Amino acid sequence: MPAVHVPTLGFVAGAPTLMDMARAERADLAEFLATLTPQDWAAPSLCTRWTVKDVVAHVISYEELGTLGLIKRFLKGAVVRANQVGVDEFASLSPQQLLDFLRDHLTPQGLTAGFGGMIALVDGTVHHQDIRRSLGRPRNVPADRLTRILPLVPSNPRLGAGRRIRGLRLRATDVDWVHGRGPEVIGPGEALLMAMTGRPAALADLAGPGLDTLAARLSPG
């Protein structure tokens, strides 16, 4: 994963840190995964070509990599396929083994701990929703996490949100967040998060004069 730019956010004394939130998000994910059936684990997720099991493998696949291991993975995967290399390396583990690994790594470490836990928090939240949405098991992402995550996404080049939302104004209807100028796209903060990160499934929860533009940018064609 290449380096990312992190916007400066105000800090409130006593408020949960990004690392606190990343750990809480992983704990929520682990609790949910414990309820899944074997069929659920094998079901397609919102991530192209990845099952639910693959997504879980991806979430944990960078946890124990040192610098040398990370370089080897990037070289093996030619950078763009590094995530798939990680999933493949965990493919032999059973769902229970993946869940146990996640429970043993609730506090991010290594690469995912980067930027104070920002990488783990954003990736963990998005991928949690990739699983939830694909299984038809929605949840309300805690508002304090959403309000911390949403400002981090537009300027993150690794996520590609900037080109998707260029010239649009995004406004959340359930949390206090607005971004950009132009034709407006409105809806729940979770749906805006998922759309910004390239998930067309979230478009059904959004509205506004800028929605057609955003939908065209998320189209595979």
# chains A, B, ... in the order shown; residues from 1 in each chain; ligands from 1
>>> residues_around(residues="Ile131 of chain A", least_positions_apart="3", cutoff="6 Å", atoms="only C-alpha atoms", output="mmCIF file with N, CA, C and O atoms, in the first residue's frame")
data_model
loop_
_atom_site.group_PDB
_atom_site.id
_atom_site.type_symbol
_atom_site.label_atom_id
_atom_site.label_comp_id
_atom_site.auth_asym_id
_atom_site.auth_seq_id
_atom_site.Cartn_x
_atom_site.Cartn_y
_atom_site.Cartn_z
ATOM 1 N N SER A 45 -18.659 -11.035 -1.841
ATOM 2 C CA SER A 45 -18.724 -9.761 -1.133
ATOM 3 C C SER A 45 -18.884 -8.638 -2.165
ATOM 4 O O SER A 45 -18.996 -8.904 -3.365
ATOM 5 N N VAL A 52 -16.611 -13.429 1.092
ATOM 6 C CA VAL A 52 -16.530 -12.900 2.454
ATOM 7 C C VAL A 52 -15.248 -13.377 3.126
ATOM 8 O O VAL A 52 -14.535 -12.604 3.780
ATOM 9 N N HIS A 128 -15.901 -4.130 6.448
ATOM 10 C CA HIS A 128 -17.013 -4.618 7.261
ATOM 11 C C HIS A 128 -18.315 -4.420 6.505
ATOM 12 O O HIS A 128 -19.170 -5.316 6.439
ATOM 13 N N SER A 134 -23.308 -7.196 1.313
ATOM 14 C CA SER A 134 -23.450 -8.330 0.396
ATOM 15 C C SER A 134 -24.333 -9.425 0.990
ATOM 16 O O SER A 134 -25.002 -10.166 0.252
#
>>> closest_atom_pairs(of="segment 38-148 of chain A", to="segment 177-187 of chain A", cutoff="12 Å", atoms="only C-alpha atoms", output="Markdown table")
| residue | atom | partner | partner_atom | distance |
| --- | --- | --- | --- | --- |
| A:Ala143 | CA | A:Trp177 | CA | 10.9 |
| A:Asp144 | CA | A:Trp177 | CA | 11.6 |
| A:Leu146 | CA | A:Trp177 | CA | 9.2 |
| A:Thr147 | CA | A:Trp177 | CA | 6.9 |
| A:Arg148 | CA | A:Trp177 | CA | 9.7 |
>>> atom_distance(atom1="atom CA of Ala43 of chain A", atom2="atom CA of Pro95 of chain A")
12.4 Å
>>> residues_around(residues="Asn140 of chain A", least_positions_apart="4", cutoff="10 Å", atoms="only C-alpha atoms", output="list in words")
Gln129, Leu146, Pro188, Gly189 and Glu190 of chain A
>>> write_last_selection(atoms="all heavy atoms", output="PDB file, in the first residue's frame")
ATOM      1  N   GLN A 129     -18.455  -3.241   5.889  1.00  0.00           N
ATOM      2  CA  GLN A 129     -19.667  -2.968   5.115  1.00  0.00           C
ATOM      3  C   GLN A 129     -19.716  -3.783   3.820  1.00  0.00           C
ATOM      4  O   GLN A 129     -20.798  -4.144   3.353  1.00  0.00           O
ATOM      5  CB  GLN A 129     -19.765  -1.477   4.809  1.00  0.00           C
ATOM      6  CG  GLN A 129     -19.921  -0.600   6.045  1.00  0.00           C
ATOM      7  CD  GLN A 129     -21.055  -1.065   6.945  1.00  0.00           C
ATOM      8  OE1 GLN A 129     -20.820  -1.586   8.039  1.00  0.00           O
ATOM      9  NE2 GLN A 129     -22.285  -0.902   6.490  1.00  0.00           N
ATOM     10  N   LEU A 146     -17.880   7.397  11.886  1.00  0.00           N
ATOM     11  CA  LEU A 146     -18.174   7.972  10.566  1.00  0.00           C
ATOM     12  C   LEU A 146     -17.629   9.391  10.450  1.00  0.00           C
ATOM     13  O   LEU A 146     -17.039   9.755   9.430  1.00  0.00           O
ATOM     14  CB  LEU A 146     -19.683   7.992  10.315  1.00  0.00           C
ATOM     15  CG  LEU A 146     -20.298   6.821   9.576  1.00  0.00           C
ATOM     16  CD1 LEU A 146     -21.797   7.040   9.408  1.00  0.00           C
ATOM     17  CD2 LEU A 146     -19.640   6.593   8.221  1.00  0.00           C
ATOM     18  N   PRO A 188     -27.082   8.924   3.660  1.00  0.00           N
ATOM     19  CA  PRO A 188     -26.400   8.520   4.886  1.00  0.00           C
ATOM     20  C   PRO A 188     -24.880   8.543   4.711  1.00  0.00           C
ATOM     21  O   PRO A 188     -24.357   8.241   3.636  1.00  0.00           O
ATOM     22  CB  PRO A 188     -26.917   7.091   5.117  1.00  0.00           C
ATOM     23  CG  PRO A 188     -28.196   7.009   4.353  1.00  0.00           C
ATOM     24  CD  PRO A 188     -28.013   7.896   3.170  1.00  0.00           C
ATOM     25  N   GLY A 189     -24.183   8.865   5.792  1.00  0.00           N
ATOM     26  CA  GLY A 189     -22.732   8.925   5.724  1.00  0.00           C
ATOM     27  C   GLY A 189     -22.117   7.613   5.295  1.00  0.00           C
ATOM     28  O   GLY A 189     -21.130   7.593   4.542  1.00  0.00           O
ATOM     29  N   GLU A 190     -22.675   6.495   5.736  1.00  0.00           N
ATOM     30  CA  GLU A 190     -22.135   5.183   5.344  1.00  0.00           C
ATOM     31  C   GLU A 190     -22.229   4.979   3.849  1.00  0.00           C
ATOM     32  O   GLU A 190     -21.293   4.473   3.213  1.00  0.00           O
ATOM     33  CB  GLU A 190     -22.886   4.072   6.092  1.00  0.00           C
ATOM     34  CG  GLU A 190     -22.398   2.666   5.801  1.00  0.00           C
ATOM     35  CD  GLU A 190     -23.099   1.992   4.622  1.00  0.00           C
ATOM     36  OE1 GLU A 190     -24.141   2.524   4.172  1.00  0.00           O
ATOM     37  OE2 GLU A 190     -22.612   0.949   4.148  1.00  0.00           O
TER      38      GLU A 190
END
>>> residues_around(residues="segment 210-215 of chain A", least_positions_apart="6", cutoff="10 Å", atoms="only C-alpha atoms", output="ChimeraX atom specification")
/A:163-170,182-186,195-196,198-200,202-204
>>> select_by_dssp(residues="segment 49-143 of chain A", states="helix (DSSP H, G or I)", output="MDAnalysis selection string")
chainID A and resid 52:60 67:76 82:89 95:104 110:135 143
>>> decode(residues="segment 47-59 of chain A", atoms="N, CA and C atoms", output="CSV table (one decimal), in the first residue's frame")
chain,number,residue,atom,x,y,z
A,47,CYS,N,-16.5,-6.7,-2.8
A,47,CYS,CA,-15.2,-6.6,-3.5
A,47,CYS,C,-15.1,-7.6,-4.7
A,48,THR,N,-14.9,-7.1,-5.8
A,48,THR,CA,-14.9,-7.9,-7.0
A,48,THR,C,-14.0,-9.1,-6.9
A,49,ARG,N,-14.5,-10.2,-7.2
A,49,ARG,CA,-13.8,-11.5,-7.2
A,49,ARG,C,-13.5,-12.1,-5.8
A,50,TRP,N,-13.9,-11.3,-4.7
A,50,TRP,CA,-13.6,-11.8,-3.4
A,50,TRP,C,-14.8,-12.3,-2.7
A,51,THR,N,-14.7,-13.4,-2.0
A,51,THR,CA,-15.8,-13.9,-1.1
A,51,THR,C,-15.6,-13.2,0.2
A,52,VAL,N,-16.6,-13.4,1.1
A,52,VAL,CA,-16.5,-12.9,2.5
A,52,VAL,C,-15.2,-13.4,3.1
A,53,LYS,N,-14.9,-14.6,3.0
A,53,LYS,CA,-13.7,-15.2,3.5
A,53,LYS,C,-12.5,-14.5,3.0
A,54,ASP,N,-12.4,-14.2,1.7
A,54,ASP,CA,-11.3,-13.4,1.1
A,54,ASP,C,-11.2,-12.1,1.8
A,55,VAL,N,-12.3,-11.4,2.0
A,55,VAL,CA,-12.2,-10.0,2.6
A,55,VAL,C,-11.7,-10.1,4.0
A,56,VAL,N,-12.1,-11.1,4.7
A,56,VAL,CA,-11.5,-11.2,6.1
A,56,VAL,C,-10.0,-11.5,6.0
A,57,ALA,N,-9.6,-12.3,5.1
A,57,ALA,CA,-8.2,-12.6,5.0
A,57,ALA,C,-7.4,-11.3,4.6
A,58,HIS,N,-8.0,-10.5,3.8
A,58,HIS,CA,-7.4,-9.2,3.4
A,58,HIS,C,-7.2,-8.3,4.6
A,59,VAL,N,-8.3,-8.2,5.4
A,59,VAL,CA,-8.2,-7.3,6.6
A,59,VAL,C,-7.1,-7.6,7.5
